[in-house]
Amino acid sequence: MKYRSLGRTGWKVSEISFGAWAIGGSWGQQDDKESMTTLHRAIDLGINFIDTADVYGDGRSERLVAQLKRERSEEIYVATKAGRRLSPHTAEGYNEKNLTEFVERSLKNLGTDCLDLLQLHCPPWEAYYRPEVFEALDRLMAAGKIRHYGVSVEKVEEALKAIEYPNVQSVQIIFNMFRNRPSELFFSEAKKRQIGILARVPLASGLLSGKLKRDTSFESDDHRQFNQKGQAFDRGETFSGVDFETGLQAVEELRALVPPGATLAQWALRWILMFDAVTCAIPGARRPQQVEENARAADLPPLTKSELDAVQKIYDQRVRPLVHHRW
């Protein structure tokens, strides 16, 4: 495993890290025993950064991560998120009282007295124009409740606004072969400010694994079944906003480019790591073999210019009209 600096935190985190949404909820049925085996395998492979949230299984994911930390001696950095417990989910809800309550709940779930990294969980765009939101985070940091804070965003414009606040250390944003707009402007601005970038949804909800087919069925509690058109939350969270049929067509074209010895999923993760502004990709995994496959992506050789150009061509022809200016 290779490691990169996360913003100005002083942390060196694994290029391939661990996204813990899938072991919490909204991806069909989970087995906690298998989830723990998967988490332990991730640490065995050198992964040292885990991204979770208080709403993943209503704290289930955080509690599993807490168990992992009790059972391991290695340094493990844990990022969690706050805000999506709000109902209604409004910018006004991102106030000091609510944020403090969310932090206290995550501290309990994670079994710690200080959160490593707290991220605002895709708040409404108006929240980024409320300095008092970030002042509240500053006070939580001063009180010793959080070490660092950042944001998870839906749109590039939100990311650009967020990094205007001096204590924002990281931005989590969807970035993959089907969503490459962040690389155009945001990455260079983030590098200027030494902002860590967490590339989430790196495999486009499994599309870029190459394992989904037209007749693939999803469980009723899997967001790929109930949120394809944004019925439950932002459409861009499911398949990166690409309609399923178009995504499958693009995947077939990408599959033809994958070099021997690699899977499409590994190659898609290695593509993300070609961008030096990115700190890490955070693919999810529910089984040990999945995390093993993900981790091996860091060992693949760099993509050639011709390969990068070919990926860009597929994006431009098939995907760009659907997603580029939406997010």
# chains A, B, ... in the order shown; residues from 1 in each chain; ligands from 1
call {"tool": "residues_around", "arguments": {"residues": "region 79-84 of chain A", "least_positions_apart": "2", "cutoff": "10 Å", "atoms": "only C-alpha atoms", "output": "CSV table (one decimal) with N, CA and C atoms, in the first residue's frame"}}
result
chain,number,residue,atom,x,y,z
A,19,GLY,N,-14.5,2.8,2.4
A,19,GLY,CA,-15.8,3.5,2.6
A,19,GLY,C,-16.8,2.6,3.3
A,20,ALA,N,-17.3,3.0,4.4
A,20,ALA,CA,-18.1,2.1,5.3
A,20,ALA,C,-19.6,2.3,5.1
A,49,PHE,N,-7.4,4.3,6.8
A,49,PHE,CA,-8.3,5.4,6.8
A,49,PHE,C,-9.7,4.8,6.5
A,50,ILE,N,-10.7,5.1,7.3
A,50,ILE,CA,-12.0,4.6,7.1
A,50,ILE,C,-13.0,5.8,7.2
A,51,ASP,N,-13.9,5.8,6.2
A,51,ASP,CA,-14.9,6.9,6.1
A,51,ASP,C,-16.3,6.3,6.4
A,52,THR,N,-16.9,6.9,7.4
A,52,THR,CA,-18.3,6.4,7.8
A,52,THR,C,-19.2,7.6,8.0
A,53,ALA,N,-20.3,7.4,8.6
A,53,ALA,CA,-21.3,8.5,8.9
A,53,ALA,C,-22.3,8.0,9.9
A,54,ASP,N,-22.8,9.0,10.6
A,54,ASP,CA,-23.8,8.7,11.7
A,54,ASP,C,-25.1,8.0,11.2
A,55,VAL,N,-25.4,8.3,9.9
A,55,VAL,CA,-26.6,7.7,9.4
A,55,VAL,C,-26.5,6.4,8.7
A,56,TYR,N,-25.3,5.9,8.6
A,56,TYR,CA,-25.1,4.6,7.9
A,56,TYR,C,-25.6,3.5,8.9
A,61,SER,N,-22.7,1.4,11.3
A,61,SER,CA,-21.3,1.5,10.7
A,61,SER,C,-20.3,2.0,11.7
A,62,GLU,N,-20.7,3.1,12.4
A,62,GLU,CA,-19.7,3.7,13.4
A,62,GLU,C,-19.4,2.7,14.5
A,76,ILE,N,-5.4,4.0,13.1
A,76,ILE,CA,-6.5,4.0,12.1
A,76,ILE,C,-7.2,5.3,12.2
A,77,TYR,N,-7.2,6.1,11.1
A,77,TYR,CA,-7.9,7.3,11.1
A,77,TYR,C,-9.3,7.1,10.7
A,86,LEU,N,-30.9,15.4,10.2
A,86,LEU,CA,-31.9,16.4,10.2
A,86,LEU,C,-33.1,16.1,9.4
A,87,SER,N,-34.3,16.4,9.9
A,87,SER,CA,-35.5,16.2,9.2
A,87,SER,C,-36.5,17.3,9.6
A,88,PRO,N,-36.7,18.3,8.8
A,88,PRO,CA,-36.2,18.3,7.4
A,88,PRO,C,-34.7,18.7,7.3
A,89,HIS,N,-34.1,18.3,6.2
A,89,HIS,CA,-32.7,18.6,6.0
A,89,HIS,C,-32.5,19.9,5.4
A,90,THR,N,-32.3,20.9,6.3
A,90,THR,CA,-32.2,22.3,5.9
A,90,THR,C,-30.9,22.9,6.3
A,91,ALA,N,-30.5,24.0,5.7
A,91,ALA,CA,-29.3,24.7,6.1
A,91,ALA,C,-29.4,25.3,7.5
A,93,GLY,N,-30.7,23.9,9.9
A,93,GLY,CA,-30.5,22.8,10.9
A,93,GLY,C,-29.0,22.7,11.2
A,94,TYR,N,-28.1,23.2,10.4
A,94,TYR,CA,-26.7,23.1,10.6
A,94,TYR,C,-26.3,24.2,11.6
A,95,ASN,N,-26.8,24.1,12.8
A,95,ASN,CA,-26.5,25.1,13.8
A,95,ASN,C,-25.7,24.4,14.9
A,98,ASN,N,-27.4,21.6,17.1
A,98,ASN,CA,-27.6,20.3,16.4
A,98,ASN,C,-26.3,19.6,16.1
A,99,LEU,N,-25.3,20.4,15.6
A,99,LEU,CA,-24.0,19.8,15.3
A,99,LEU,C,-23.3,19.2,16.6
A,100,THR,N,-23.5,19.9,17.7
A,100,THR,CA,-22.9,19.4,18.9
A,100,THR,C,-23.6,18.1,19.3
A,101,GLU,N,-24.9,18.0,19.2
A,101,GLU,CA,-25.6,16.8,19.5
A,101,GLU,C,-25.2,15.6,18.6
A,102,PHE,N,-25.0,15.9,17.3
A,102,PHE,CA,-24.6,14.9,16.4
A,102,PHE,C,-23.2,14.4,16.7
A,103,VAL,N,-22.3,15.3,17.1
A,103,VAL,CA,-20.9,15.0,17.5
A,103,VAL,C,-20.9,14.1,18.7
A,105,ARG,N,-23.2,12.1,19.8
A,105,ARG,CA,-23.7,10.8,19.4
A,105,ARG,C,-22.6,10.0,18.7
A,106,SER,N,-21.9,10.6,17.8
A,106,SER,CA,-20.8,9.9,17.1
A,106,SER,C,-19.6,9.5,18.0
A,107,LEU,N,-19.3,10.4,19.0
A,107,LEU,CA,-18.3,10.1,20.0
A,107,LEU,C,-18.7,8.8,20.7
A,110,LEU,N,-18.5,5.7,18.3
A,110,LEU,CA,-17.1,5.4,18.0
A,110,LEU,C,-16.3,5.1,19.2
A,115,LEU,N,-13.3,13.1,17.8
A,115,LEU,CA,-13.4,12.6,16.5
A,115,LEU,C,-12.1,13.0,15.6
A,116,ASP,N,-11.6,12.1,14.9
A,116,ASP,CA,-10.4,12.4,14.0
A,116,ASP,C,-10.8,13.5,13.0
A,117,LEU,N,-11.9,13.2,12.2
A,117,LEU,CA,-12.3,14.1,11.2
A,117,LEU,C,-13.8,14.1,11.1
A,118,LEU,N,-14.4,15.2,11.3
A,118,LEU,CA,-15.8,15.4,11.1
A,118,LEU,C,-16.1,16.1,9.8
A,119,GLN,N,-17.1,15.6,9.0
A,119,GLN,CA,-17.4,16.2,7.8
A,119,GLN,C,-18.9,16.5,7.8
A,120,LEU,N,-19.2,17.7,7.3
A,120,LEU,CA,-20.6,18.1,7.0
A,120,LEU,C,-21.1,17.1,5.9
A,121,HIS,N,-22.3,16.6,6.1
A,121,HIS,CA,-22.7,15.5,5.2
A,121,HIS,C,-23.6,16.0,4.1
A,122,CYS,N,-23.0,16.5,3.1
A,122,CYS,CA,-23.7,17.0,1.9
A,122,CYS,C,-24.9,18.0,2.3
A,123,PRO,N,-24.6,19.1,3.0
A,123,PRO,CA,-25.6,20.0,3.4
A,123,PRO,C,-26.2,20.7,2.2
A,124,PRO,N,-27.4,21.3,2.4
A,124,PRO,CA,-27.9,22.2,1.3
A,124,PRO,C,-26.9,23.3,1.0
A,148,HIS,N,-10.1,17.6,13.4
A,148,HIS,CA,-10.2,18.3,12.1
A,148,HIS,C,-11.6,18.2,11.6
A,149,TYR,N,-11.9,19.1,10.6
A,149,TYR,CA,-13.2,19.0,10.0
A,149,TYR,C,-13.0,19.3,8.5
A,150,GLY,N,-14.0,18.8,7.8
A,150,GLY,CA,-14.1,19.0,6.3
A,150,GLY,C,-15.5,18.9,5.9
A,151,VAL,N,-15.8,18.7,4.6
A,151,VAL,CA,-17.1,18.7,4.1
A,151,VAL,C,-17.2,17.5,3.1
A,152,SER,N,-18.4,17.0,2.9
A,152,SER,CA,-18.7,16.1,1.8
A,152,SER,C,-19.8,16.8,1.0
call {"tool": "residues_around", "arguments": {"residues": "Ala159 (chain A)", "least_positions_apart": "6", "cutoff": "12 Å", "atoms": "only C-alpha atoms", "output": "number ranges by chain"}}
result
A: 120, 122-123, 125, 127-129, 150-153, 165, 168-174, 181-183, 185-187, 189-190, 195-198, 327
call {"tool": "closest_residue", "arguments": {"among": "A:Glu184, A:Asp276, A:Asp215, A:Glu293", "to": "Leu6 (chain A)", "atoms": "only C-alpha atoms"}}
result
A:Asp276
call {"tool": "atom_distance", "arguments": {"atom1": "CA of Ala265 (chain A)", "atom2": "CA of Arg286 (chain A)"}}
result
14.9 Å
call {"tool": "select_by_dssp", "arguments": {"residues": "region 103-182 of chain A", "states": "alpha helix (DSSP H)", "output": "MDAnalysis selection string"}}
result
chainID A and resid 103:110 131:142 156:162
call {"tool": "write_last_selection", "arguments": {"atoms": "N, CA and C atoms", "output": "PDB file, in the first residue's frame"}}
result
ATOM      1  N   VAL A 103     -22.285  15.338  17.090  1.00  0.00           N
ATOM      2  CA  VAL A 103     -20.912  14.979  17.461  1.00  0.00           C
ATOM      3  C   VAL A 103     -20.903  14.103  18.709  1.00  0.00           C
ATOM      4  N   GLU A 104     -21.698  14.477  19.702  1.00  0.00           N
ATOM      5  CA  GLU A 104     -21.739  13.686  20.936  1.00  0.00           C
ATOM      6  C   GLU A 104     -22.219  12.262  20.648  1.00  0.00           C
ATOM      7  N   ARG A 105     -23.172  12.128  19.761  1.00  0.00           N
ATOM      8  CA  ARG A 105     -23.678  10.796  19.416  1.00  0.00           C
ATOM      9  C   ARG A 105     -22.604   9.975  18.704  1.00  0.00           C
ATOM     10  N   SER A 106     -21.863  10.604  17.786  1.00  0.00           N
ATOM     11  CA  SER A 106     -20.798   9.887  17.082  1.00  0.00           C
ATOM     12  C   SER A 106     -19.650   9.536  18.025  1.00  0.00           C
ATOM     13  N   LEU A 107     -19.348  10.412  18.961  1.00  0.00           N
ATOM     14  CA  LEU A 107     -18.317  10.096  19.950  1.00  0.00           C
ATOM     15  C   LEU A 107     -18.685   8.826  20.717  1.00  0.00           C
ATOM     16  N   LYS A 108     -19.958   8.720  21.087  1.00  0.00           N
ATOM     17  CA  LYS A 108     -20.422   7.530  21.807  1.00  0.00           C
ATOM     18  C   LYS A 108     -20.359   6.296  20.918  1.00  0.00           C
ATOM     19  N   ASN A 109     -20.860   6.425  19.676  1.00  0.00           N
ATOM     20  CA  ASN A 109     -20.842   5.280  18.762  1.00  0.00           C
ATOM     21  C   ASN A 109     -19.426   4.791  18.488  1.00  0.00           C
ATOM     22  N   LEU A 110     -18.501   5.727  18.343  1.00  0.00           N
ATOM     23  CA  LEU A 110     -17.127   5.381  17.985  1.00  0.00           C
ATOM     24  C   LEU A 110     -16.262   5.093  19.214  1.00  0.00           C
ATOM     25  N   PRO A 131     -21.289  31.545   7.472  1.00  0.00           N
ATOM     26  CA  PRO A 131     -20.036  31.423   8.233  1.00  0.00           C
ATOM     27  C   PRO A 131     -20.240  30.851   9.632  1.00  0.00           C
ATOM     28  N   GLU A 132     -21.434  31.057  10.209  1.00  0.00           N
ATOM     29  CA  GLU A 132     -21.671  30.568  11.564  1.00  0.00           C
ATOM     30  C   GLU A 132     -21.615  29.043  11.640  1.00  0.00           C
ATOM     31  N   VAL A 133     -21.874  28.360  10.519  1.00  0.00           N
ATOM     32  CA  VAL A 133     -21.759  26.905  10.507  1.00  0.00           C
ATOM     33  C   VAL A 133     -20.319  26.492  10.778  1.00  0.00           C
ATOM     34  N   PHE A 134     -19.403  27.142  10.117  1.00  0.00           N
ATOM     35  CA  PHE A 134     -17.994  26.790  10.255  1.00  0.00           C
ATOM     36  C   PHE A 134     -17.412  27.331  11.566  1.00  0.00           C
ATOM     37  N   GLU A 135     -17.976  28.420  12.055  1.00  0.00           N
ATOM     38  CA  GLU A 135     -17.572  28.918  13.381  1.00  0.00           C
ATOM     39  C   GLU A 135     -17.969  27.921  14.461  1.00  0.00           C
ATOM     40  N   ALA A 136     -19.111  27.281  14.296  1.00  0.00           N
ATOM     41  CA  ALA A 136     -19.522  26.255  15.257  1.00  0.00           C
ATOM     42  C   ALA A 136     -18.536  25.088  15.244  1.00  0.00           C
ATOM     43  N   LEU A 137     -18.083  24.710  14.059  1.00  0.00           N
ATOM     44  CA  LEU A 137     -17.090  23.640  13.961  1.00  0.00           C
ATOM     45  C   LEU A 137     -15.770  24.060  14.599  1.00  0.00           C
ATOM     46  N   ASP A 138     -15.402  25.321  14.432  1.00  0.00           N
ATOM     47  CA  ASP A 138     -14.187  25.827  15.080  1.00  0.00           C
ATOM     48  C   ASP A 138     -14.285  25.677  16.592  1.00  0.00           C
ATOM     49  N   ARG A 139     -15.470  25.968  17.148  1.00  0.00           N
ATOM     50  CA  ARG A 139     -15.631  25.871  18.603  1.00  0.00           C
ATOM     51  C   ARG A 139     -15.614  24.413  19.066  1.00  0.00           C
ATOM     52  N   LEU A 140     -16.173  23.522  18.276  1.00  0.00           N
ATOM     53  CA  LEU A 140     -16.095  22.107  18.612  1.00  0.00           C
ATOM     54  C   LEU A 140     -14.647  21.614  18.589  1.00  0.00           C
ATOM     55  N   MET A 141     -13.869  22.151  17.668  1.00  0.00           N
ATOM     56  CA  MET A 141     -12.457  21.798  17.603  1.00  0.00           C
ATOM     57  C   MET A 141     -11.715  22.360  18.817  1.00  0.00           C
ATOM     58  N   ALA A 142     -12.014  23.596  19.174  1.00  0.00           N
ATOM     59  CA  ALA A 142     -11.375  24.220  20.332  1.00  0.00           C
ATOM     60  C   ALA A 142     -11.733  23.495  21.626  1.00  0.00           C
ATOM     61  N   VAL A 156     -19.402  20.633  -7.463  1.00  0.00           N
ATOM     62  CA  VAL A 156     -18.103  21.301  -7.508  1.00  0.00           C
ATOM     63  C   VAL A 156     -18.192  22.704  -6.918  1.00  0.00           C
ATOM     64  N   GLU A 157     -19.281  23.407  -7.220  1.00  0.00           N
ATOM     65  CA  GLU A 157     -19.422  24.779  -6.714  1.00  0.00           C
ATOM     66  C   GLU A 157     -19.431  24.816  -5.190  1.00  0.00           C
ATOM     67  N   GLU A 158     -20.036  23.808  -4.567  1.00  0.00           N
ATOM     68  CA  GLU A 158     -20.050  23.739  -3.107  1.00  0.00           C
ATOM     69  C   GLU A 158     -18.643  23.503  -2.565  1.00  0.00           C
ATOM     70  N   ALA A 159     -17.885  22.664  -3.249  1.00  0.00           N
ATOM     71  CA  ALA A 159     -16.509  22.403  -2.834  1.00  0.00           C
ATOM     72  C   ALA A 159     -15.660  23.665  -2.910  1.00  0.00           C
ATOM     73  N   LEU A 160     -15.821  24.413  -3.988  1.00  0.00           N
ATOM     74  CA  LEU A 160     -15.050  25.646  -4.142  1.00  0.00           C
ATOM     75  C   LEU A 160     -15.396  26.662  -3.059  1.00  0.00           C
ATOM     76  N   LYS A 161     -16.659  26.734  -2.693  1.00  0.00           N
ATOM     77  CA  LYS A 161     -17.057  27.660  -1.626  1.00  0.00           C
ATOM     78  C   LYS A 161     -16.529  27.189  -0.279  1.00  0.00           C
ATOM     79  N   ALA A 162     -16.619  25.895  -0.015  1.00  0.00           N
ATOM     80  CA  ALA A 162     -16.216  25.356   1.284  1.00  0.00           C
ATOM     81  C   ALA A 162     -14.751  25.629   1.594  1.00  0.00           C
TER      82      ALA A 162
END
call {"tool": "residues_around", "arguments": {"residues": "Ala250 (chain A)", "least_positions_apart": "5", "cutoff": "8 Å", "atoms": "only C-alpha atoms", "output": "PyMOL selection string"}}
result
chain A and resi 314-315+318-319
call {"tool": "write_last_selection", "arguments": {"atoms": "C-alpha atoms", "output": "short mmCIF file (atom, residue, chain, number, x, y, z; two decimals), in the first residue's frame"}}
result
data_model
loop_
_atom_site.label_atom_id
_atom_site.label_comp_id
_atom_site.auth_asym_id
_atom_site.auth_seq_id
_atom_site.Cartn_x
_atom_site.Cartn_y
_atom_site.Cartn_z
CA ILE A 314 -15.77 7.49 -23.69
CA TYR A 315 -16.69 10.00 -20.99
CA ARG A 318 -21.42 8.82 -23.50
CA VAL A 319 -21.44 10.42 -20.06
#
call {"tool": "residues_around", "arguments": {"residues": "Leu248 (chain A)", "least_positions_apart": "2", "cutoff": "9 Å", "atoms": "only C-alpha atoms", "output": "VMD selection string"}}
result
chain A and resid 207 to 208 210 212 to 214 243 to 246 250 to 253
call {"tool": "residues_around", "arguments": {"residues": "Ala281 (chain A)", "least_positions_apart": "3", "cutoff": "7 Å", "atoms": "only C-alpha atoms", "output": "PyMOL selection string"}}
result
chain A and resi 15-17+198-200+202
